[in-house]
$ cat input17.cif   # mmCIF, C-alpha atoms
data_target
loop_
_atom_site.group_PDB
_atom_site.id
_atom_site.type_symbol
_atom_site.label_atom_id
_atom_site.label_comp_id
_atom_site.auth_asym_id
_atom_site.auth_seq_id
_atom_site.Cartn_x
_atom_site.Cartn_y
_atom_site.Cartn_z
ATOM 1 C CA LEU A 93 -8.779 -22.974 12.220
ATOM 2 C CA GLU A 94 -10.486 -21.497 15.267
ATOM 3 C CA ARG A 95 -10.665 -24.864 17.010
ATOM 4 C CA ASN A 96 -6.912 -25.322 16.557
ATOM 5 C CA LEU A 97 -5.883 -22.071 18.229
ATOM 6 C CA LEU A 98 -3.807 -22.498 21.357
ATOM 7 C CA PRO A 99 -5.064 -20.722 24.493
ATOM 8 C CA GLY A 100 -3.596 -17.295 25.039
ATOM 9 C CA ARG A 101 -4.322 -13.628 25.497
ATOM 10 C CA ASN A 102 -6.626 -11.837 23.063
ATOM 11 C CA PRO A 103 -7.912 -14.999 21.348
ATOM 12 C CA LEU A 104 -8.751 -14.795 17.678
ATOM 13 C CA SER A 105 -12.466 -15.278 18.258
ATOM 14 C CA CYS A 106 -13.653 -15.376 14.654
ATOM 15 C CA SER A 107 -15.459 -18.440 13.376
ATOM 16 C CA ALA A 108 -15.244 -19.440 9.734
ATOM 17 C CA GLN A 109 -18.591 -21.194 9.860
ATOM 18 C CA GLY A 110 -21.048 -20.090 7.210
ATOM 19 C CA PHE A 111 -18.369 -19.322 4.613
ATOM 20 C CA SER A 112 -17.748 -21.593 1.665
ATOM 21 C CA VAL A 113 -14.190 -22.303 0.595
ATOM 22 C CA THR A 114 -13.198 -20.164 -2.366
ATOM 23 C CA LYS A 115 -10.328 -20.514 -4.787
ATOM 24 C CA SER A 116 -9.109 -16.965 -4.332
ATOM 25 C CA ILE A 117 -9.605 -13.790 -2.360
ATOM 26 C CA TRP A 118 -8.501 -10.182 -2.848
ATOM 27 C CA PHE A 119 -7.993 -8.073 0.256
ATOM 28 C CA SER A 120 -8.546 -4.358 -0.330
ATOM 29 C CA GLN A 121 -6.856 -1.733 1.803
ATOM 30 C CA LEU A 122 -9.207 1.232 2.008
ATOM 31 C CA ILE A 123 -7.398 4.549 1.781
ATOM 32 C CA TYR A 124 -8.719 7.390 3.909
ATOM 33 C CA ARG A 125 -7.087 10.510 5.266
ATOM 34 C CA CYS A 126 -8.029 9.823 8.844
ATOM 35 C CA ASN A 127 -6.879 8.347 12.122
ATOM 36 C CA THR A 128 -5.848 4.767 11.443
ATOM 37 C CA ASN A 129 -6.805 3.529 14.919
ATOM 38 C CA LEU A 130 -10.354 2.777 13.785
ATOM 39 C CA PHE A 131 -9.884 -0.988 13.908
ATOM 40 C CA SER A 132 -8.321 -2.778 16.844
ATOM 41 C CA LEU A 133 -5.653 -5.361 16.100
ATOM 42 C CA THR A 134 -7.978 -8.043 17.448
ATOM 43 C CA MET A 135 -10.614 -7.028 14.892
ATOM 44 C CA LEU A 136 -8.047 -7.108 12.091
ATOM 45 C CA ARG A 137 -6.937 -10.557 13.168
ATOM 46 C CA SER A 138 -10.508 -11.736 13.139
ATOM 47 C CA VAL A 139 -11.163 -10.383 9.644
ATOM 48 C CA LEU A 140 -7.915 -11.830 8.312
ATOM 49 C CA LEU A 141 -8.633 -15.185 9.955
ATOM 50 C CA VAL A 142 -11.974 -15.450 8.179
ATOM 51 C CA GLY A 143 -10.406 -14.572 4.840
ATOM 52 C CA LEU A 144 -7.506 -16.960 5.225
ATOM 53 C CA ALA A 145 -9.810 -19.749 6.330
ATOM 54 C CA MET A 146 -11.612 -19.371 3.011
ATOM 55 C CA VAL A 147 -8.479 -19.954 0.967
ATOM 56 C CA ALA A 148 -6.525 -22.436 3.120
ATOM 57 C CA SER A 149 -4.962 -25.237 1.092
ATOM 58 C CA VAL A 150 -4.743 -28.307 3.320
ATOM 59 C CA LEU A 151 -1.957 -30.733 2.371
ATOM 60 C CA GLY A 152 -2.201 -33.681 4.756
ATOM 61 C CA ASN A 153 -1.953 -32.100 8.195
ATOM 62 C CA ASP A 154 -0.177 -29.009 6.894
ATOM 63 C CA ILE A 155 -1.857 -25.729 5.968
ATOM 64 C CA GLU A 156 -0.187 -23.395 3.484
ATOM 65 C CA ILE A 157 -1.496 -19.892 2.778
ATOM 66 C CA HIS A 158 0.441 -17.580 0.450
ATOM 67 C CA GLY A 159 -0.259 -14.098 -0.871
ATOM 68 C CA SER A 160 1.308 -10.950 -2.284
ATOM 69 C CA GLY A 161 0.438 -7.359 -3.093
ATOM 70 C CA THR A 162 0.595 -3.881 -1.611
ATOM 71 C CA THR A 163 3.462 -2.983 0.706
ATOM 72 C CA ASN A 164 1.372 -0.577 2.781
ATOM 73 C CA PRO A 165 -0.160 -3.037 5.309
ATOM 74 C CA SER A 166 2.634 -5.624 5.042
ATOM 75 C CA LYS A 167 3.921 -5.126 8.593
ATOM 76 C CA CYS A 168 0.397 -5.592 9.918
ATOM 77 C CA TYR A 169 -0.068 -8.793 7.880
ATOM 78 C CA TRP A 170 3.270 -10.219 9.016
ATOM 79 C CA HIS A 171 2.444 -9.475 12.648
ATOM 80 C CA ILE A 172 -0.908 -11.232 12.361
ATOM 81 C CA MET A 173 0.572 -14.214 10.498
ATOM 82 C CA ASP A 174 3.353 -14.631 13.061
ATOM 83 C CA ALA A 175 0.801 -14.658 15.877
ATOM 84 C CA MET A 176 -1.359 -17.227 14.096
ATOM 85 C CA MET A 177 1.546 -19.520 13.185
ATOM 86 C CA ASP A 178 2.783 -19.412 16.791
ATOM 87 C CA ARG A 179 -0.606 -20.319 18.227
ATOM 88 C CA LEU A 180 -2.125 -22.817 15.815
ATOM 89 C CA ARG A 181 -1.921 -26.470 16.896
ATOM 90 C CA VAL A 182 -1.706 -27.791 13.325
ATOM 91 C CA PRO A 183 1.454 -27.099 11.272
ATOM 92 C CA VAL A 184 0.828 -23.965 9.231
ATOM 93 C CA ARG A 185 2.983 -21.851 6.943
ATOM 94 C CA MET A 186 1.891 -18.386 5.870
ATOM 95 C CA SER A 187 3.699 -15.914 3.659
ATOM 96 C CA TYR A 188 2.991 -12.491 2.233
ATOM 97 C CA ARG A 189 5.284 -10.877 -0.321
ATOM 98 C CA ALA A 190 5.155 -7.073 -0.346
ATOM 99 C CA VAL A 191 5.663 -6.491 -4.072
ATOM 100 C CA GLY A 192 3.194 -3.667 -4.741
ATOM 101 C CA SER A 193 -0.458 -3.709 -5.749
ATOM 102 C CA GLY A 194 0.252 -3.823 -9.486
ATOM 103 C CA VAL A 195 2.535 -6.856 -9.267
ATOM 104 C CA GLY A 196 0.222 -8.421 -6.696
ATOM 105 C CA GLN A 197 -2.705 -8.219 -9.100
ATOM 106 C CA LYS A 198 -0.663 -9.878 -11.851
ATOM 107 C CA GLU A 199 0.445 -12.683 -9.535
ATOM 108 C CA PHE A 200 -3.092 -13.085 -8.259
ATOM 109 C CA MET A 201 -4.564 -13.423 -11.742
ATOM 110 C CA GLY A 202 -1.771 -15.416 -13.357
ATOM 111 C CA GLU A 203 -1.094 -15.478 -17.085
ATOM 112 C CA ALA A 204 -3.600 -15.480 -19.943
ATOM 113 C CA PRO A 205 -5.410 -17.442 -21.224
ATOM 114 C CA GLU A 206 -5.649 -19.845 -18.279
ATOM 115 C CA PHE A 207 -5.478 -17.186 -15.526
ATOM 116 C CA MET A 208 -4.204 -19.698 -12.981
ATOM 117 C CA GLN A 209 -3.786 -17.868 -9.683
ATOM 118 C CA ILE A 210 -0.253 -18.125 -8.278
ATOM 119 C CA ASN A 211 -1.295 -17.215 -4.715
ATOM 120 C CA HIS A 212 -4.207 -17.991 -2.428
ATOM 121 C CA PHE A 213 -4.876 -14.305 -1.886
ATOM 122 C CA GLY A 214 -3.774 -10.861 -2.974
ATOM 123 C CA SER A 215 -3.981 -7.430 -1.391
ATOM 124 C CA GLY A 216 -4.179 -3.924 -2.795
ATOM 125 C CA ASP A 217 -5.331 -0.397 -2.071
ATOM 126 C CA ILE A 218 -7.675 -0.632 -5.045
ATOM 127 C CA PRO A 219 -9.994 -3.460 -6.107
ATOM 128 C CA LEU A 220 -9.600 -5.434 -9.287
ATOM 129 C CA SER A 221 -11.143 -3.783 -12.310
ATOM 130 C CA THR A 222 -14.462 -5.097 -13.595
ATOM 131 C CA GLU A 223 -12.663 -6.428 -16.657
ATOM 132 C CA ASN A 224 -10.139 -8.428 -14.620
ATOM 133 C CA TYR A 225 -12.822 -9.628 -12.227
ATOM 134 C CA ASN A 226 -14.848 -10.959 -15.144
ATOM 135 C CA LEU A 227 -11.768 -12.667 -16.591
ATOM 136 C CA ILE A 228 -11.310 -14.604 -13.354
ATOM 137 C CA THR A 229 -14.935 -15.415 -12.601
ATOM 138 C CA GLY A 230 -16.154 -15.992 -16.177
ATOM 139 C CA GLY A 231 -15.202 -18.275 -19.035
ATOM 140 C CA ASP A 232 -15.363 -22.043 -19.339
ATOM 141 C CA ASP A 233 -13.636 -22.712 -15.994
ATOM 142 C CA PRO A 234 -14.625 -19.820 -13.733
ATOM 143 C CA SER A 235 -12.959 -19.257 -10.372
ATOM 144 C CA GLU A 236 -14.805 -17.965 -7.351
ATOM 145 C CA MET A 237 -13.315 -14.890 -5.703
ATOM 146 C CA LEU A 238 -14.218 -12.219 -3.173
ATOM 147 C CA HIS A 239 -13.213 -8.632 -2.468
ATOM 148 C CA LEU A 240 -12.784 -8.206 1.291
ATOM 149 C CA PRO A 241 -11.929 -4.858 2.956
ATOM 150 C CA VAL A 242 -9.465 -5.677 5.725
ATOM 151 C CA VAL A 243 -7.518 -2.626 6.958
ATOM 152 C CA LEU A 244 -7.578 1.160 6.921
ATOM 153 C CA GLY A 245 -4.491 3.146 6.024
ATOM 154 C CA ALA A 246 -3.391 6.647 5.091
ATOM 155 C CA ILE A 247 -1.180 7.539 2.122
ATOM 156 C CA THR A 248 0.576 10.870 2.479
ATOM 157 C CA TYR A 249 3.712 12.848 1.656
ATOM 158 C CA PHE A 250 6.908 12.719 3.712
ATOM 159 C CA HIS A 251 10.008 14.886 3.376
ATOM 160 C CA SER A 252 13.567 15.199 4.662
ATOM 161 C CA VAL A 253 14.066 18.970 4.341
ATOM 162 C CA PRO A 254 17.005 19.907 6.640
ATOM 163 C CA GLY A 255 15.986 21.769 9.768
ATOM 164 C CA VAL A 256 12.238 21.539 9.082
ATOM 165 C CA PRO A 257 10.174 19.686 11.719
ATOM 166 C CA SER A 258 7.183 17.498 11.046
ATOM 167 C CA GLY A 259 3.688 18.353 12.263
ATOM 168 C CA ALA A 260 2.880 21.792 13.637
ATOM 169 C CA GLY A 261 5.480 24.334 12.606
ATOM 170 C CA GLY A 262 6.535 22.237 9.631
ATOM 171 C CA LEU A 263 5.822 22.573 5.936
ATOM 172 C CA ASN A 264 2.554 24.143 4.851
ATOM 173 C CA MET A 265 1.789 22.704 1.416
ATOM 174 C CA THR A 266 -1.152 22.696 -0.991
ATOM 175 C CA SER A 267 -2.177 20.214 -3.656
ATOM 176 C CA CYS A 268 -1.060 22.673 -6.345
ATOM 177 C CA LEU A 269 2.380 23.117 -4.808
ATOM 178 C CA LEU A 270 2.776 19.344 -4.547
ATOM 179 C CA ALA A 271 1.648 18.904 -8.150
ATOM 180 C CA ARG A 272 4.179 21.487 -9.331
ATOM 181 C CA ILE A 273 6.942 19.812 -7.310
ATOM 182 C CA PHE A 274 6.181 16.338 -8.701
ATOM 183 C CA SER A 275 5.962 17.707 -12.239
ATOM 184 C CA ARG A 276 9.320 19.469 -11.619
ATOM 185 C CA ASP A 277 7.934 22.937 -12.236
ATOM 186 C CA ILE A 278 9.253 23.787 -8.742
ATOM 187 C CA LYS A 279 12.739 22.458 -7.936
ATOM 188 C CA ASP A 280 13.777 24.457 -4.865
ATOM 189 C CA TRP A 281 12.266 24.586 -1.378
ATOM 190 C CA LEU A 282 12.910 28.340 -1.292
ATOM 191 C CA HIS A 283 10.817 28.977 -4.396
ATOM 192 C CA GLU A 284 8.762 32.106 -3.777
ATOM 193 C CA ASP A 285 5.443 30.232 -4.114
ATOM 194 C CA ILE A 286 6.478 27.862 -1.310
ATOM 195 C CA THR A 287 7.869 30.557 0.981
ATOM 196 C CA LYS A 288 4.644 32.579 0.706
ATOM 197 C CA GLY A 289 2.956 29.986 2.911
ATOM 198 C CA ASN A 290 6.134 29.176 4.847
ATOM 199 C CA PRO A 291 7.702 32.518 5.833
ATOM 200 C CA ASN A 292 10.174 30.919 8.289
ATOM 201 C CA LEU A 293 11.387 28.252 5.867
ATOM 202 C CA ALA A 294 14.541 30.099 4.816
ATOM 203 C CA ASP A 295 15.590 30.516 8.469
ATOM 204 C CA MET A 296 14.982 26.811 9.173
ATOM 205 C CA ILE A 297 16.988 25.632 6.153
ATOM 206 C CA GLY A 298 19.742 28.172 6.749
ATOM 207 C CA ASP A 299 22.829 27.658 4.611
ATOM 208 C CA LYS A 300 21.931 24.038 3.750
ATOM 209 C CA ASP A 301 21.151 22.948 0.189
ATOM 210 C CA SER A 302 17.533 23.800 -0.635
ATOM 211 C CA LYS A 303 17.123 21.828 -3.862
ATOM 212 C CA ILE A 304 14.173 19.417 -4.030
ATOM 213 C CA THR A 305 14.718 15.716 -4.737
ATOM 214 C CA VAL A 306 11.504 13.921 -5.705
ATOM 215 C CA ILE A 307 11.054 10.219 -4.923
ATOM 216 C CA ARG A 308 8.509 8.015 -6.682
ATOM 217 C CA ARG A 309 7.567 4.340 -6.722
ATOM 218 C CA LYS A 310 9.514 2.276 -9.238
ATOM 219 C CA LYS A 311 6.660 0.093 -10.463
ATOM 220 C CA GLY A 312 2.889 0.268 -10.631
ATOM 221 C CA SER A 313 1.484 1.067 -7.203
ATOM 222 C CA SER A 314 -1.884 1.900 -5.736
ATOM 223 C CA SER A 315 -0.072 4.469 -3.574
ATOM 224 C CA THR A 316 0.831 6.226 -6.810
ATOM 225 C CA ALA A 317 -2.787 5.953 -7.947
ATOM 226 C CA SER A 318 -3.967 7.531 -4.680
ATOM 227 C CA ILE A 319 -1.682 10.564 -4.688
ATOM 228 C CA THR A 320 -2.207 11.246 -8.402
ATOM 229 C CA LYS A 321 -5.973 11.272 -7.857
ATOM 230 C CA TYR A 322 -5.445 13.691 -4.975
ATOM 231 C CA MET A 323 -3.283 16.096 -6.990
ATOM 232 C CA ASN A 324 -5.643 15.998 -9.964
ATOM 233 C CA ALA A 325 -8.729 16.543 -7.791
ATOM 234 C CA GLY A 326 -7.123 19.437 -5.914
ATOM 235 C CA CYS A 327 -5.242 21.045 -8.784
ATOM 236 C CA SER A 328 -6.290 19.752 -12.188
ATOM 237 C CA GLY A 329 -4.579 22.678 -13.884
ATOM 238 C CA GLU A 330 -1.166 21.462 -12.705
ATOM 239 C CA TRP A 331 -1.765 17.694 -12.640
ATOM 240 C CA LYS A 332 -3.764 16.599 -15.670
ATOM 241 C CA SER A 333 -6.120 13.628 -15.769
ATOM 242 C CA ASP A 334 -3.792 11.719 -18.112
ATOM 243 C CA MET A 335 -1.268 11.648 -15.243
ATOM 244 C CA VAL A 336 -3.669 9.871 -12.893
ATOM 245 C CA GLY A 337 -2.989 6.185 -12.321
ATOM 246 C CA LYS A 338 -0.732 3.671 -10.643
ATOM 247 C CA ASP A 339 2.052 3.693 -13.267
ATOM 248 C CA PRO A 340 4.631 6.524 -12.880
ATOM 249 C CA GLN A 341 6.746 5.546 -15.899
ATOM 250 C CA ASN A 342 5.721 8.641 -17.905
ATOM 251 C CA TRP A 343 6.601 11.076 -15.120
ATOM 252 C CA HIS A 344 9.493 13.546 -15.336
ATOM 253 C CA PRO A 345 12.822 11.691 -15.710
ATOM 254 C CA ASP A 346 14.404 13.674 -12.844
ATOM 255 C CA LEU A 347 12.417 11.714 -10.264
ATOM 256 C CA ILE A 348 14.209 8.909 -8.384
ATOM 257 C CA PRO A 349 12.411 5.529 -8.621
ATOM 258 C CA CYS A 350 12.524 3.385 -5.473
ATOM 259 C CA GLU A 351 11.176 -0.112 -4.854
ATOM 260 C CA GLY A 352 8.187 -0.525 -2.526
ATOM 261 C CA SER A 353 7.192 1.498 0.522
ATOM 262 C CA GLY A 354 10.313 0.409 2.398
ATOM 263 C CA GLY A 355 12.503 1.514 -0.491
ATOM 264 C CA VAL A 356 10.775 4.885 -0.760
ATOM 265 C CA THR A 357 11.199 5.391 2.990
ATOM 266 C CA LYS A 358 14.932 4.720 2.728
ATOM 267 C CA CYS A 359 15.301 6.967 -0.331
ATOM 268 C CA ILE A 360 13.658 9.874 1.488
ATOM 269 C CA LYS A 361 15.894 9.392 4.538
ATOM 270 C CA ASP A 362 19.051 9.024 2.458
ATOM 271 C CA ASN A 363 18.477 12.151 0.341
ATOM 272 C CA ALA A 364 18.378 15.444 2.238
ATOM 273 C CA GLY A 365 15.671 17.724 0.886
ATOM 274 C CA ALA A 366 13.674 14.858 -0.591
ATOM 275 C CA ILE A 367 9.915 14.412 -0.786
ATOM 276 C CA GLY A 368 7.965 11.265 -1.570
ATOM 277 C CA TYR A 369 4.741 9.449 -0.817
ATOM 278 C CA ILE A 370 4.232 6.412 1.413
ATOM 279 C CA ASP A 371 1.746 4.989 3.853
ATOM 280 C CA SER A 372 1.857 6.394 7.367
ATOM 281 C CA GLY A 373 2.899 3.022 8.800
ATOM 282 C CA HIS A 374 6.210 3.128 6.950
ATOM 283 C CA GLY A 375 6.614 6.897 7.131
ATOM 284 C CA LEU A 376 6.248 7.129 10.904
ATOM 285 C CA ALA A 377 8.152 3.927 11.715
#

$ encode --input "input17.cif" --output "structure tokens"
Amino acid sequence: LERNLLPGRNPLSCSAQGFSVTKSIWFSQLIYRCNTNLFSLTMLRSVLLVGLAMVASVLGNDIEIHGSGTTNPSKCYWHIMDAMMDRLRVPVRMSYRAVGSGVGQKEFMGEAPEFMQINHFGSGDIPLSTENYNLITGGDDPSEMLHLPVVLGAITYFHSVPGVPSGAGGLNMTSCLLARIFSRDIKDWLHEDITKGNPNLADMIGDKDSKITVIRRKKGSSSTASITKYMNAGCSGEWKSDMVGKDPQNWHPDLIPCEGSGGVTKCIKDNAGAIGYIDSGHGLA
């Protein structure tokens, strides 16, 4: 692939030499609460180029590379793929479907008992479990696969409380308050336990509706897994361990389910007084 890159600015200077071709690869997005500018775009392109070179399916002179998984880094993946398709000399088609980590894992593994992978690669904020890894790599016809960290991202909470700014001077929340909001123990932004740490909140909201609308992911999501781990670690008394995981189906029925990070973003914007969780890339877009 490197030899077929057209000249241009910021060349993708990553060689695939030394890597054997594998049947499948799982990209992991590492979740940290930190500045996401730790990797340059050129570095991300290089890492992705190596991974995609491993799984390229060459049909005549055409190269097809398809994947699916977490919505969090989807815009980054699409940007990289567009740049590569524009600059490769050989015909190449790349696609990435942002369907969520849970669905991405299912599409990556395929159906039992054959476990035929639908895509060349998958991507998620969490790695495959040991059990699923062994199902793919073991048995009578084992497949070779790799876990490859590729991008850093931050999962956090976003809100649309009327009159309340983001950043400094905005909401001051704790893990216990968030846990109580998501469990629907607290349903109003002017609840006394919230206003204790936000004495100016009533003035900012004014005469606007102060009820809380809670947005969650519709299907299994590693974003859900991340924030449930956070709430349990910070306030286990309010968010029990049996509520930790990527599947929000057993949450309070009052919560509004929305599809993918893009859907959650839209739901938060469309519902005044809402709160939900998404990656910073979608939340700050």

$ residues_around --input "input17.cif" --residues "Ala294 in chain A" --least-positions-apart "4" --cutoff "8 Å" --atoms "all atoms listed in the file" --output "PyMOL selection string"
chain A and resi 282+287+298

$ closest_residue --input "input17.cif" --among "A:Val191, A:Glu236, A:Gly368, A:Tyr169" --to "Leu270 in chain A" --atoms "all atoms listed in the file"
A:Gly368

$ residues_near_point --input "input17.cif" --point "(1.8, -22.2, 3.1)" --cutoff "7 Å" --atoms "all atoms listed in the file" --output "list in words"
Ile155, Glu156, Ile157, His158, Val184, Arg185, Met186 and Ser187 of chain A

$ resolve_selection --input "input17.cif" --expression "the PyMOL selection byres ((chain A and resi 357) around 9)" --output "PyMOL selection string"
chain A and resi 250+350+352-356+358-362+368-370+374-375

$ resolve_selection --input "input17.cif" --expression "the PyMOL selection byres ((chain A and resi 301-313) around 6)" --output "MDAnalysis selection string"
chainID A and resid 192:194 279:281 300 314:316 338:339 347:351 365:368

$ atom_distance --input "input17.cif" --atom1 "CA of Pro254 in chain A" --atom2 "CA of Asn290 in chain A"
14.4 Å
